file input_2.pdb (PDB, C-alpha atoms)
ATOM      1  CA  MET A   1       0.000   0.000   0.000
ATOM      2  CA  ASN A   2       1.442   3.382  -0.959
ATOM      3  CA  ALA A   3       1.507   6.365   1.384
ATOM      4  CA  SER A   4      -1.272   8.180  -0.480
ATOM      5  CA  THR A   5      -3.696   5.262  -0.202
ATOM      6  CA  TYR A   6      -2.794   4.771   3.451
ATOM      7  CA  ASP A   7      -3.432   8.427   4.215
ATOM      8  CA  ARG A   8      -6.757   8.250   2.373
ATOM      9  CA  HIS A   9      -7.853   5.337   4.536
ATOM     10  CA  CYS A  10      -6.894   7.254   7.675
ATOM     11  CA  THR A  11      -8.854  10.256   6.430
ATOM     12  CA  GLU A  12     -11.847   8.089   5.565
ATOM     13  CA  ILE A  13     -12.078   6.649   9.084
ATOM     14  CA  VAL A  14     -12.702  10.148  10.412
ATOM     15  CA  ALA A  15     -14.824  11.319   7.475
ATOM     16  CA  GLN A  16     -17.188   8.352   7.613
ATOM     17  CA  THR A  17     -17.467   8.679  11.383
ATOM     18  CA  GLU A  18     -18.347  12.356  11.018
ATOM     19  CA  LEU A  19     -21.125  11.456   8.585
ATOM     20  CA  LEU A  20     -22.373   8.912  11.092
ATOM     21  CA  ARG A  21     -22.235  11.497  13.866
ATOM     22  CA  SER A  22     -24.460  13.767  11.781
ATOM     23  CA  LEU A  23     -27.147  11.106  12.131
ATOM     24  CA  VAL A  24     -26.540  10.737  15.870
ATOM     25  CA  LYS A  25     -26.865  14.498  16.410
ATOM     26  CA  LYS A  26     -30.403  14.416  14.990
ATOM     27  CA  ALA A  27     -31.518  11.420  17.023
ATOM     28  CA  HIS A  28     -33.786  11.804  20.047
ATOM     29  CA  HIS A  29     -32.857   8.286  21.145
ATOM     30  CA  LEU A  30     -30.783   5.369  19.849
ATOM     31  CA  ARG A  31     -33.185   2.505  20.513
ATOM     32  CA  THR A  32     -34.139   2.050  16.842
ATOM     33  CA  PRO A  33     -33.505  -1.581  15.803
ATOM     34  CA  VAL A  34     -30.881  -2.199  13.108
ATOM     35  CA  PRO A  35     -32.362  -4.872  10.780
ATOM     36  CA  SER A  36     -29.031  -5.576   9.067
ATOM     37  CA  CYS A  37     -27.445  -6.359  12.461
ATOM     38  CA  PRO A  38     -30.117  -8.489  14.152
ATOM     39  CA  GLY A  39     -30.360  -7.995  17.883
ATOM     40  CA  TRP A  40     -28.692  -4.569  17.864
ATOM     41  CA  ASN A  41     -30.199  -1.128  18.112
ATOM     42  CA  LEU A  42     -28.475   2.044  16.892
ATOM     43  CA  GLY A  43     -26.745   2.691  20.196
ATOM     44  CA  GLN A  44     -25.329  -0.830  20.279
ATOM     45  CA  LEU A  45     -24.174  -0.556  16.670
ATOM     46  CA  LEU A  46     -22.317   2.641  17.465
ATOM     47  CA  ARG A  47     -20.759   1.150  20.585
ATOM     48  CA  HIS A  48     -19.552  -1.779  18.484
ATOM     49  CA  LEU A  49     -17.973   0.493  15.889
ATOM     50  CA  GLY A  50     -16.398   2.873  18.398
ATOM     51  CA  GLY A  51     -15.093  -0.084  20.383
ATOM     52  CA  ALA A  52     -13.567  -1.581  17.237
ATOM     53  CA  HIS A  53     -11.824   1.734  16.514
ATOM     54  CA  ARG A  54     -10.290   1.757  19.986
ATOM     55  CA  TRP A  55      -9.346  -1.918  19.781
ATOM     56  CA  ALA A  56      -7.510  -1.449  16.477
ATOM     57  CA  GLU A  57      -5.805   1.660  17.826
ATOM     58  CA  GLU A  58      -4.499  -0.339  20.785
ATOM     59  CA  VAL A  59      -3.151  -3.091  18.512
ATOM     60  CA  VAL A  60      -1.209  -0.626  16.346
ATOM     61  CA  ARG A  61      -0.049   1.665  19.179
ATOM     62  CA  THR A  62       1.288  -1.166  21.316
ATOM     63  CA  GLY A  63       2.532  -3.372  18.474
ATOM     64  CA  ALA A  64       0.539  -6.175  20.102
ATOM     65  CA  ALA A  65       1.800  -9.685  19.428
ATOM     66  CA  GLU A  66      -1.650 -11.148  19.997
ATOM     67  CA  PRO A  67      -5.153  -9.721  19.836
ATOM     68  CA  PRO A  68      -6.335  -7.792  22.898
ATOM     69  CA  PRO A  69      -9.668  -8.830  24.466
ATOM     70  CA  ASP A  70     -12.571  -7.683  22.315
ATOM     71  CA  ALA A  71     -15.544  -8.290  24.619
ATOM     72  CA  ARG A  72     -16.077  -4.535  24.941
ATOM     73  CA  PHE A  73     -17.392  -4.340  21.391
ATOM     74  CA  ARG A  74     -18.789  -7.866  21.108
ATOM     75  CA  ASP A  75     -21.025  -7.984  24.195
ATOM     76  CA  LEU A  76     -23.400  -5.112  23.544
ATOM     77  CA  SER A  77     -26.028  -5.956  26.153
ATOM     78  CA  PRO A  78     -24.974  -3.074  28.475
ATOM     79  CA  TYR A  79     -25.654  -0.515  25.731
ATOM     80  CA  ALA A  80     -29.358  -0.916  25.066
ATOM     81  CA  ASP A  81     -30.291   2.690  25.931
ATOM     82  CA  GLU A  82     -27.465   5.019  24.981
ATOM     83  CA  ASP A  83     -27.435   8.807  25.291
ATOM     84  CA  PRO A  84     -26.952  10.332  21.790
ATOM     85  CA  ALA A  85     -25.082  13.368  23.130
ATOM     86  CA  LEU A  86     -22.541  11.278  25.022
ATOM     87  CA  LEU A  87     -22.083   8.743  22.241
ATOM     88  CA  ASP A  88     -21.551  11.445  19.624
ATOM     89  CA  GLY A  89     -18.391  12.813  21.234
ATOM     90  CA  TRP A  90     -17.127   9.346  22.149
ATOM     91  CA  LEU A  91     -17.386   8.208  18.529
ATOM     92  CA  GLY A  92     -15.535  11.220  17.201
ATOM     93  CA  GLU A  93     -12.783  10.911  19.794
ATOM     94  CA  GLY A  94     -12.145   7.239  19.015
ATOM     95  CA  ALA A  95     -11.997   7.738  15.247
ATOM     96  CA  ALA A  96      -9.623  10.693  15.560
ATOM     97  CA  LEU A  97      -7.380   8.758  17.953
ATOM     98  CA  LEU A  98      -7.212   5.766  15.599
ATOM     99  CA  ALA A  99      -6.326   7.939  12.598
ATOM    100  CA  GLU A 100      -3.668   9.774  14.611
ATOM    101  CA  THR A 101      -2.082   6.534  15.815
ATOM    102  CA  LEU A 102      -2.081   5.047  12.316
ATOM    103  CA  ARG A 103      -0.428   8.120  10.836
ATOM    104  CA  ALA A 104       2.213   8.164  13.556
ATOM    105  CA  ALA A 105       2.958   4.458  13.004
ATOM    106  CA  GLY A 106       3.107   4.537   9.197
ATOM    107  CA  PRO A 107       1.785   1.864   6.808
ATOM    108  CA  GLY A 108       4.597  -0.611   7.428
ATOM    109  CA  ALA A 109       4.145  -0.868  11.207
ATOM    110  CA  GLU A 110       3.843  -4.457  12.373
ATOM    111  CA  ALA A 111       1.608  -6.008  15.029
ATOM    112  CA  TRP A 112      -0.807  -8.891  15.293
ATOM    113  CA  VAL A 113      -3.071  -9.111  12.262
ATOM    114  CA  PRO A 114      -5.616 -11.813  11.397
ATOM    115  CA  LEU A 115      -4.598 -12.096   7.739
ATOM    116  CA  PRO A 116      -0.861 -11.354   7.494
ATOM    117  CA  ARG A 117      -0.698 -12.143   3.766
ATOM    118  CA  LEU A 118      -2.724  -9.057   2.902
ATOM    119  CA  ALA A 119      -0.672  -6.216   4.398
ATOM    120  CA  PRO A 120       1.391  -5.113   7.396
ATOM    121  CA  ALA A 121      -0.764  -4.495  10.457
ATOM    122  CA  ALA A 122      -1.073  -0.711  10.220
ATOM    123  CA  ALA A 123      -2.010  -0.793   6.528
ATOM    124  CA  PHE A 124      -4.450  -3.645   7.166
ATOM    125  CA  TYR A 125      -6.227  -1.863  10.022
ATOM    126  CA  ALA A 126      -6.350   1.469   8.221
ATOM    127  CA  ARG A 127      -8.218  -0.095   5.322
ATOM    128  CA  ARG A 128     -10.272  -2.469   7.465
ATOM    129  CA  MET A 129     -11.478   0.238   9.840
ATOM    130  CA  ALA A 130     -12.222   2.675   7.020
ATOM    131  CA  ASN A 131     -14.433   0.106   5.332
ATOM    132  CA  GLU A 132     -15.891  -1.177   8.609
ATOM    133  CA  THR A 133     -17.004   2.398   9.270
ATOM    134  CA  VAL A 134     -18.525   2.662   5.780
ATOM    135  CA  ILE A 135     -20.616  -0.469   6.204
ATOM    136  CA  HIS A 136     -21.787   0.345   9.718
ATOM    137  CA  ARG A 137     -22.682   3.844   8.580
ATOM    138  CA  ALA A 138     -24.857   2.151   5.976
ATOM    139  CA  ASP A 139     -26.420   0.008   8.720
ATOM    140  CA  ALA A 140     -27.278   3.102  10.716
ATOM    141  CA  PHE A 141     -28.605   5.141   7.783
ATOM    142  CA  LEU A 142     -30.746   2.266   6.518
ATOM    143  CA  ALA A 143     -32.150   1.678   9.995
ATOM    144  CA  ALA A 144     -32.994   5.360  10.364
ATOM    145  CA  GLY A 145     -34.522   5.589   6.876
ATOM    146  CA  ALA A 146     -31.879   8.112   5.813
ATOM    147  CA  GLU A 147     -30.363   8.284   2.336
ATOM    148  CA  PHE A 148     -26.984   6.556   2.150
ATOM    149  CA  THR A 149     -24.578   7.801  -0.494
ATOM    150  CA  LEU A 150     -20.918   6.972  -0.977
ATOM    151  CA  ASP A 151     -18.043   8.267  -3.062
ATOM    152  CA  GLU A 152     -17.470   5.719  -5.821
ATOM    153  CA  ARG A 153     -13.733   5.439  -5.157
ATOM    154  CA  VAL A 154     -14.500   4.541  -1.542
ATOM    155  CA  ALA A 155     -17.219   2.094  -2.612
ATOM    156  CA  ALA A 156     -14.916   0.378  -5.124
ATOM    157  CA  ASP A 157     -12.159  -0.010  -2.543
ATOM    158  CA  CYS A 158     -14.654  -1.404  -0.038
ATOM    159  CA  PHE A 159     -15.899  -3.939  -2.576
ATOM    160  CA  ALA A 160     -12.384  -5.003  -3.527
ATOM    161  CA  GLU A 161     -11.460  -5.491   0.125
ATOM    162  CA  TRP A 162     -14.580  -7.643   0.615
ATOM    163  CA  LEU A 163     -13.344  -9.891  -2.195
ATOM    164  CA  GLU A 164      -9.809 -10.025  -0.820
ATOM    165  CA  LEU A 165     -10.985 -10.954   2.666
ATOM    166  CA  GLY A 166     -13.302 -13.631   1.349
ATOM    167  CA  SER A 167     -10.743 -15.302  -0.890
ATOM    168  CA  GLN A 168      -8.112 -15.945   1.780
ATOM    169  CA  PRO A 169      -7.267 -19.588   2.631
ATOM    170  CA  GLU A 170      -8.243 -18.940   6.256
ATOM    171  CA  VAL A 171     -11.877 -18.631   5.185
ATOM    172  CA  PHE A 172     -12.031 -22.318   4.235
ATOM    173  CA  ALA A 173     -10.226 -23.243   7.429
ATOM    174  CA  ARG A 174     -12.849 -21.468   9.526
ATOM    175  CA  HIS A 175     -15.827 -22.338   7.320
ATOM    176  CA  PRO A 176     -15.150 -25.662   5.566
ATOM    177  CA  GLU A 177     -18.735 -25.760   4.316
ATOM    178  CA  MET A 178     -17.759 -23.025   1.849
ATOM    179  CA  ARG A 179     -15.879 -25.629  -0.198
ATOM    180  CA  GLU A 180     -19.285 -26.670  -1.483
ATOM    181  CA  LEU A 181     -19.219 -23.467  -3.542
ATOM    182  CA  LEU A 182     -16.465 -24.754  -5.793
ATOM    183  CA  GLY A 183     -17.398 -26.472  -9.031
ATOM    184  CA  PRO A 184     -17.134 -26.317 -12.819
ATOM    185  CA  GLY A 185     -18.782 -23.399 -14.562
ATOM    186  CA  ARG A 186     -19.388 -21.447 -11.363
ATOM    187  CA  THR A 187     -18.595 -17.785 -11.900
ATOM    188  CA  LEU A 188     -20.357 -14.669 -10.619
ATOM    189  CA  ARG A 189     -19.921 -11.178 -11.970
ATOM    190  CA  PHE A 190     -20.679  -7.889 -10.199
ATOM    191  CA  GLN A 191     -20.814  -5.066 -12.721
ATOM    192  CA  ALA A 192     -21.344  -1.490 -11.567
ATOM    193  CA  THR A 193     -23.216   0.860 -13.863
ATOM    194  CA  GLY A 194     -22.865   4.609 -14.217
ATOM    195  CA  VAL A 195     -19.348   4.884 -12.777
ATOM    196  CA  ALA A 196     -16.628   7.227 -13.972
ATOM    197  CA  PRO A 197     -14.277   5.768 -16.622
ATOM    198  CA  GLU A 198     -11.343   5.808 -14.194
ATOM    199  CA  THR A 199     -13.206   3.726 -11.589
ATOM    200  CA  THR A 200     -12.588  -0.021 -11.834
ATOM    201  CA  ALA A 201     -15.902  -1.534 -10.787
ATOM    202  CA  ASP A 202     -16.391  -4.833 -12.598
ATOM    203  CA  TRP A 203     -15.464  -7.977 -10.694
ATOM    204  CA  LEU A 204     -15.673 -11.675 -11.530
ATOM    205  CA  ILE A 205     -15.681 -14.264  -8.734
ATOM    206  CA  ASP A 206     -14.305 -17.587  -9.962
ATOM    207  CA  LEU A 207     -15.320 -20.756  -8.119
ATOM    208  CA  THR A 208     -14.093 -23.197 -10.757
ATOM    209  CA  GLY A 209     -10.752 -24.061  -9.149
ATOM    210  CA  GLU A 210      -9.607 -25.246  -5.747
ATOM    211  CA  ALA A 211     -10.117 -21.867  -4.062
ATOM    212  CA  VAL A 212     -12.245 -18.744  -4.362
ATOM    213  CA  THR A 213     -10.481 -16.281  -6.659
ATOM    214  CA  TRP A 214     -11.512 -13.024  -8.288
ATOM    215  CA  ARG A 215     -10.335 -10.697 -10.999
ATOM    216  CA  HIS A 216     -11.342  -7.651 -12.977
ATOM    217  CA  ALA A 217     -12.875  -9.093 -16.131
ATOM    218  CA  PRO A 218     -14.997  -6.547 -17.995
ATOM    219  CA  ARG A 219     -15.130  -8.672 -21.160
ATOM    220  CA  GLU A 220     -15.740 -12.084 -19.588
ATOM    221  CA  GLU A 221     -19.143 -13.660 -19.406
ATOM    222  CA  ALA A 222     -20.169 -15.275 -16.127
ATOM    223  CA  ALA A 223     -22.701 -17.887 -15.153
ATOM    224  CA  VAL A 224     -24.638 -15.191 -13.306
ATOM    225  CA  THR A 225     -24.234 -11.427 -13.412
ATOM    226  CA  LEU A 226     -25.499  -8.685 -11.114
ATOM    227  CA  ARG A 227     -25.584  -5.177 -12.565
ATOM    228  CA  GLY A 228     -26.509  -1.963 -10.842
ATOM    229  CA  PRO A 229     -25.267   1.191  -9.119
ATOM    230  CA  LEU A 230     -21.951   0.663  -7.370
ATOM    231  CA  THR A 231     -23.091   1.525  -3.851
ATOM    232  CA  ASP A 232     -26.121  -0.753  -4.190
ATOM    233  CA  LEU A 233     -23.911  -3.616  -5.415
ATOM    234  CA  LEU A 234     -21.661  -3.106  -2.403
ATOM    235  CA  LEU A 235     -24.604  -3.245  -0.023
ATOM    236  CA  VAL A 236     -25.924  -6.355  -1.768
ATOM    237  CA  ALA A 237     -22.517  -8.008  -1.389
ATOM    238  CA  TYR A 238     -22.550  -7.200   2.314
ATOM    239  CA  ARG A 239     -26.174  -8.363   2.571
ATOM    240  CA  ARG A 240     -27.390  -4.936   3.577
ATOM    241  CA  LEU A 241     -29.739  -4.973   0.579
ATOM    242  CA  PRO A 242     -31.407  -7.975  -1.072
ATOM    243  CA  ALA A 243     -30.091  -9.122  -4.448
ATOM    244  CA  ASP A 244     -33.422  -8.225  -6.040
ATOM    245  CA  HIS A 245     -33.308  -4.660  -4.726
ATOM    246  CA  PRO A 246     -34.817  -2.203  -7.246
ATOM    247  CA  GLY A 247     -32.140  -1.117  -9.714
ATOM    248  CA  ILE A 248     -30.179  -4.374  -9.473
ATOM    249  CA  GLY A 249     -30.448  -6.535 -12.570
ATOM    250  CA  ILE A 250     -29.717 -10.261 -12.413
ATOM    251  CA  SER A 251     -29.028 -12.334 -15.516
ATOM    252  CA  GLY A 252     -27.956 -15.934 -15.867
ATOM    253  CA  ASP A 253     -28.100 -18.764 -13.367
ATOM    254  CA  ARG A 254     -30.114 -17.477 -10.428
ATOM    255  CA  ARG A 255     -29.776 -20.861  -8.716
ATOM    256  CA  LEU A 256     -26.012 -20.383  -8.551
ATOM    257  CA  LEU A 257     -26.504 -16.972  -6.989
ATOM    258  CA  ASP A 258     -28.862 -18.423  -4.365
ATOM    259  CA  PHE A 259     -26.402 -21.267  -3.753
ATOM    260  CA  TRP A 260     -23.655 -18.690  -3.237
ATOM    261  CA  TRP A 261     -25.703 -16.618  -0.766
ATOM    262  CA  GLU A 262     -26.671 -19.699   1.237
ATOM    263  CA  ARG A 263     -23.043 -20.620   1.839
ATOM    264  CA  VAL A 264     -20.958 -17.493   1.724
ATOM    265  CA  SER A 265     -20.088 -16.491   5.269
ATOM    266  CA  PHE A 266     -17.704 -13.577   4.907
ATOM    267  CA  GLY A 267     -18.799  -9.952   4.888
TER     268      GLY A 267
END

call {"tool": "encode", "arguments": {"input": "input_2.pdb", "output": "structure tokens"}}
result
Amino acid sequence: MNASTYDRHCTEIVAQTELLRSLVKKAHHLRTPVPSCPGWNLGQLLRHLGGAHRWAEEVVRTGAAEPPPDARFRDLSPYADEDPALLDGWLGEGAALLAETLRAAGPGAEAWVPLPRLAPAAAFYARRMANETVIHRADAFLAAGAEFTLDERVAADCFAEWLELGSQPEVFARHPEMRELLGPGRTLRFQATGVAPETTADWLIDLTGEAVTWRHAPREEAAVTLRGPLTDLLLVAYRRLPADHPGIGISGDRRLLDFWWERVSFG
């Protein structure tokens, strides 16, 4: 990862959090359920995200050799009735602290990381937390009935990271049932419409070999193709929107797509 991309991820952590805070500032309470995160309300979602920011900051700042305890953002039962005013400042503080620590460390800083093949720890967490914030902002906006929009460069990076995370060998180790996805002729294409010419937003997932792989393949046909606006495709991939959401077109083998959704467990 080059310095410019790393800095952009650091910036995006704060920028996406600020957009999320704009929603919190308008809220009278945070007890609204979040359908895309079953069992959570808005306050619990925000506690999870802010806790994840602080957890990642601790890993990078201390150069941790193993993951710190994460119960503070996994067990959300204590946060069922959060105060919007208090949570607003807490969110902003955590995001700013994470970005500051990442910038001070630099993209090559090492620490414990769950997928060491992808990037050094600081670069991994900068990208992961930027995109984690994007997706949880979507959760919050969808739950509140607010319009969710996203810069297409950010959306494309988020989609590409989703593919990279889901095609790592560790996924099969943790979820061996995903091997059922592999088979001859099994390819899925996600094709964004209406994007700028410089935005790469056409991805083909290949299940025909011994592992999940993906590539940019704008001229390849796939067994099943999803086409639609980039942000909507991203939210479909993350299961924040259904595949048949208005504006998403599906052509080809719908049974393969259903088979994929039944078994895919990343994202």

call {"tool": "resolve_selection", "arguments": {"input": "input_2.pdb", "expression": "the PyMOL selection byres ((chain A and resi 155) around 9)", "output": "ChimeraX atom specification"}}
result
/A:131,134,150-154,156-160,230-231,234

call {"tool": "residues_around", "arguments": {"input": "input_2.pdb", "residues": "Gly106 (chain A)", "least_positions_apart": "3", "cutoff": "9 Å", "atoms": "all atoms listed in the file", "output": "list in words"}}
result
Ala3, Tyr6, Thr101, Leu102, Arg103, Ala109, Ala122 and Ala123 of chain A

call {"tool": "residues_around", "arguments": {"input": "input_2.pdb", "residues": "Ala99 (chain A)", "least_positions_apart": "2", "cutoff": "10 Å", "atoms": "all atoms listed in the file", "output": "list in words"}}
result
Asp7, His9, Cys10, Thr11, Glu12, Ile13, Val14, His53, Glu57, Gly94, Ala95, Ala96, Leu97, Thr101, Leu102, Arg103, Ala104, Ala105, Ala126, Met129 and Ala130 of chain A

call {"tool": "closest_residue", "arguments": {"input": "input_2.pdb", "among": "A:Ala211, A:Arg21, A:Leu188, A:Arg254", "to": "Ala173 (chain A)", "atoms": "all atoms listed in the file"}}
result
A:Ala211

call {"tool": "axis_aligned_box", "arguments": {"input": "input_2.pdb", "around": "region 71-78 of chain A", "padding_each_side": "8 Å", "output": "JSON"}}
result
{"center_x": -20.8, "center_y": -5.7, "center_z": 24.8, "size_x": 26.5, "size_y": 21.2, "size_z": 23.4}

call {"tool": "resolve_selection", "arguments": {"input": "input_2.pdb", "expression": "the PyMOL selection byres ((chain A and resi 218) around 12)", "output": "CSV table (one decimal) with C-alpha atoms, in the frame of the given file"}}
result
chain,number,residue,atom,x,y,z
A,189,ARG,CA,-19.9,-11.2,-12.0
A,190,PHE,CA,-20.7,-7.9,-10.2
A,191,GLN,CA,-20.8,-5.1,-12.7
A,192,ALA,CA,-21.3,-1.5,-11.6
A,193,THR,CA,-23.2,0.9,-13.9
A,200,THR,CA,-12.6,0.0,-11.8
A,201,ALA,CA,-15.9,-1.5,-10.8
A,202,ASP,CA,-16.4,-4.8,-12.6
A,203,TRP,CA,-15.5,-8.0,-10.7
A,204,LEU,CA,-15.7,-11.7,-11.5
A,215,ARG,CA,-10.3,-10.7,-11.0
A,216,HIS,CA,-11.3,-7.7,-13.0
A,217,ALA,CA,-12.9,-9.1,-16.1
A,219,ARG,CA,-15.1,-8.7,-21.2
A,220,GLU,CA,-15.7,-12.1,-19.6
A,221,GLU,CA,-19.1,-13.7,-19.4
A,222,ALA,CA,-20.2,-15.3,-16.1
A,225,THR,CA,-24.2,-11.4,-13.4
A,227,ARG,CA,-25.6,-5.2,-12.6

call {"tool": "closest_residue", "arguments": {"input": "input_2.pdb", "among": "A:His245, A:Arg255, A:Arg128, A:Arg74", "to": "Glu164 (chain A)", "atoms": "all atoms listed in the file"}}
result
A:Arg128

call {"tool": "residues_near_point", "arguments": {"input": "input_2.pdb", "point": "(-17.8, -24.6, 2.3)", "cutoff": "12 Å", "atoms": "all atoms listed in the file", "output": "PDB file with C-alpha atoms, in the frame of the given file"}}
result
ATOM      1  CA  GLY A 166     -13.302 -13.631   1.349  1.00  0.00           C
ATOM      2  CA  PRO A 169      -7.267 -19.588   2.631  1.00  0.00           C
ATOM      3  CA  GLU A 170      -8.243 -18.940   6.256  1.00  0.00           C
ATOM      4  CA  VAL A 171     -11.877 -18.631   5.185  1.00  0.00           C
ATOM      5  CA  PHE A 172     -12.031 -22.318   4.235  1.00  0.00           C
ATOM      6  CA  ALA A 173     -10.226 -23.243   7.429  1.00  0.00           C
ATOM      7  CA  ARG A 174     -12.849 -21.468   9.526  1.00  0.00           C
ATOM      8  CA  HIS A 175     -15.827 -22.338   7.320  1.00  0.00           C
ATOM      9  CA  PRO A 176     -15.150 -25.662   5.566  1.00  0.00           C
ATOM     10  CA  GLU A 177     -18.735 -25.760   4.316  1.00  0.00           C
ATOM     11  CA  MET A 178     -17.759 -23.025   1.849  1.00  0.00           C
ATOM     12  CA  ARG A 179     -15.879 -25.629  -0.198  1.00  0.00           C
ATOM     13  CA  GLU A 180     -19.285 -26.670  -1.483  1.00  0.00           C
ATOM     14  CA  LEU A 181     -19.219 -23.467  -3.542  1.00  0.00           C
ATOM     15  CA  LEU A 182     -16.465 -24.754  -5.793  1.00  0.00           C
ATOM     16  CA  GLY A 183     -17.398 -26.472  -9.031  1.00  0.00           C
ATOM     17  CA  LEU A 207     -15.320 -20.756  -8.119  1.00  0.00           C
ATOM     18  CA  GLU A 210      -9.607 -25.246  -5.747  1.00  0.00           C
ATOM     19  CA  ALA A 211     -10.117 -21.867  -4.062  1.00  0.00           C
ATOM     20  CA  VAL A 212     -12.245 -18.744  -4.362  1.00  0.00           C
ATOM     21  CA  PHE A 259     -26.402 -21.267  -3.753  1.00  0.00           C
ATOM     22  CA  TRP A 260     -23.655 -18.690  -3.237  1.00  0.00           C
ATOM     23  CA  TRP A 261     -25.703 -16.618  -0.766  1.00  0.00           C
ATOM     24  CA  GLU A 262     -26.671 -19.699   1.237  1.00  0.00           C
ATOM     25  CA  ARG A 263     -23.043 -20.620   1.839  1.00  0.00           C
ATOM     26  CA  VAL A 264     -20.958 -17.493   1.724  1.00  0.00           C
ATOM     27  CA  SER A 265     -20.088 -16.491   5.269  1.00  0.00           C
ATOM     28  CA  PHE A 266     -17.704 -13.577   4.907  1.00  0.00           C
TER      29      PHE A 266
END

call {"tool": "closest_residue", "arguments": {"input": "input_2.pdb", "among": "A:His29, A:Arg127, A:Arg239, A:Arg137", "to": "Glu82 (chain A)", "atoms": "all atoms listed in the file"}}
result
A:His29

call {"tool": "atom_distance", "arguments": {"input": "input_2.pdb", "atom1": "CA of Glu58 (chain A)", "atom2": "CA of Ala71 (chain A)"}}
result
14.1 Å

call {"tool": "closest_residue", "arguments": {"input": "input_2.pdb", "among": "A:Thr149, A:Thr17, A:Thr62, A:Ser36", "to": "Trp90 (chain A)", "atoms": "only C-alpha atoms"}}
result
A:Thr17

call {"tool": "atom_distance", "arguments": {"input": "input_2.pdb", "atom1": "CA of Pro84 (chain A)", "atom2": "CA of Lys25 (chain A)"}}
result
6.8 Å

call {"tool": "atom_distance", "arguments": {"input": "input_2.pdb", "atom1": "CA of Trp40 (chain A)", "atom2": "CA of Asp232 (chain A)"}}
result
22.5 Å

call {"tool": "closest_residue", "arguments": {"input": "input_2.pdb", "among": "A:Ile250, A:Leu165, A:Ala52, A:Leu76", "to": "Leu115 (chain A)", "atoms": "all atoms listed in the file"}}
result
A:Leu165
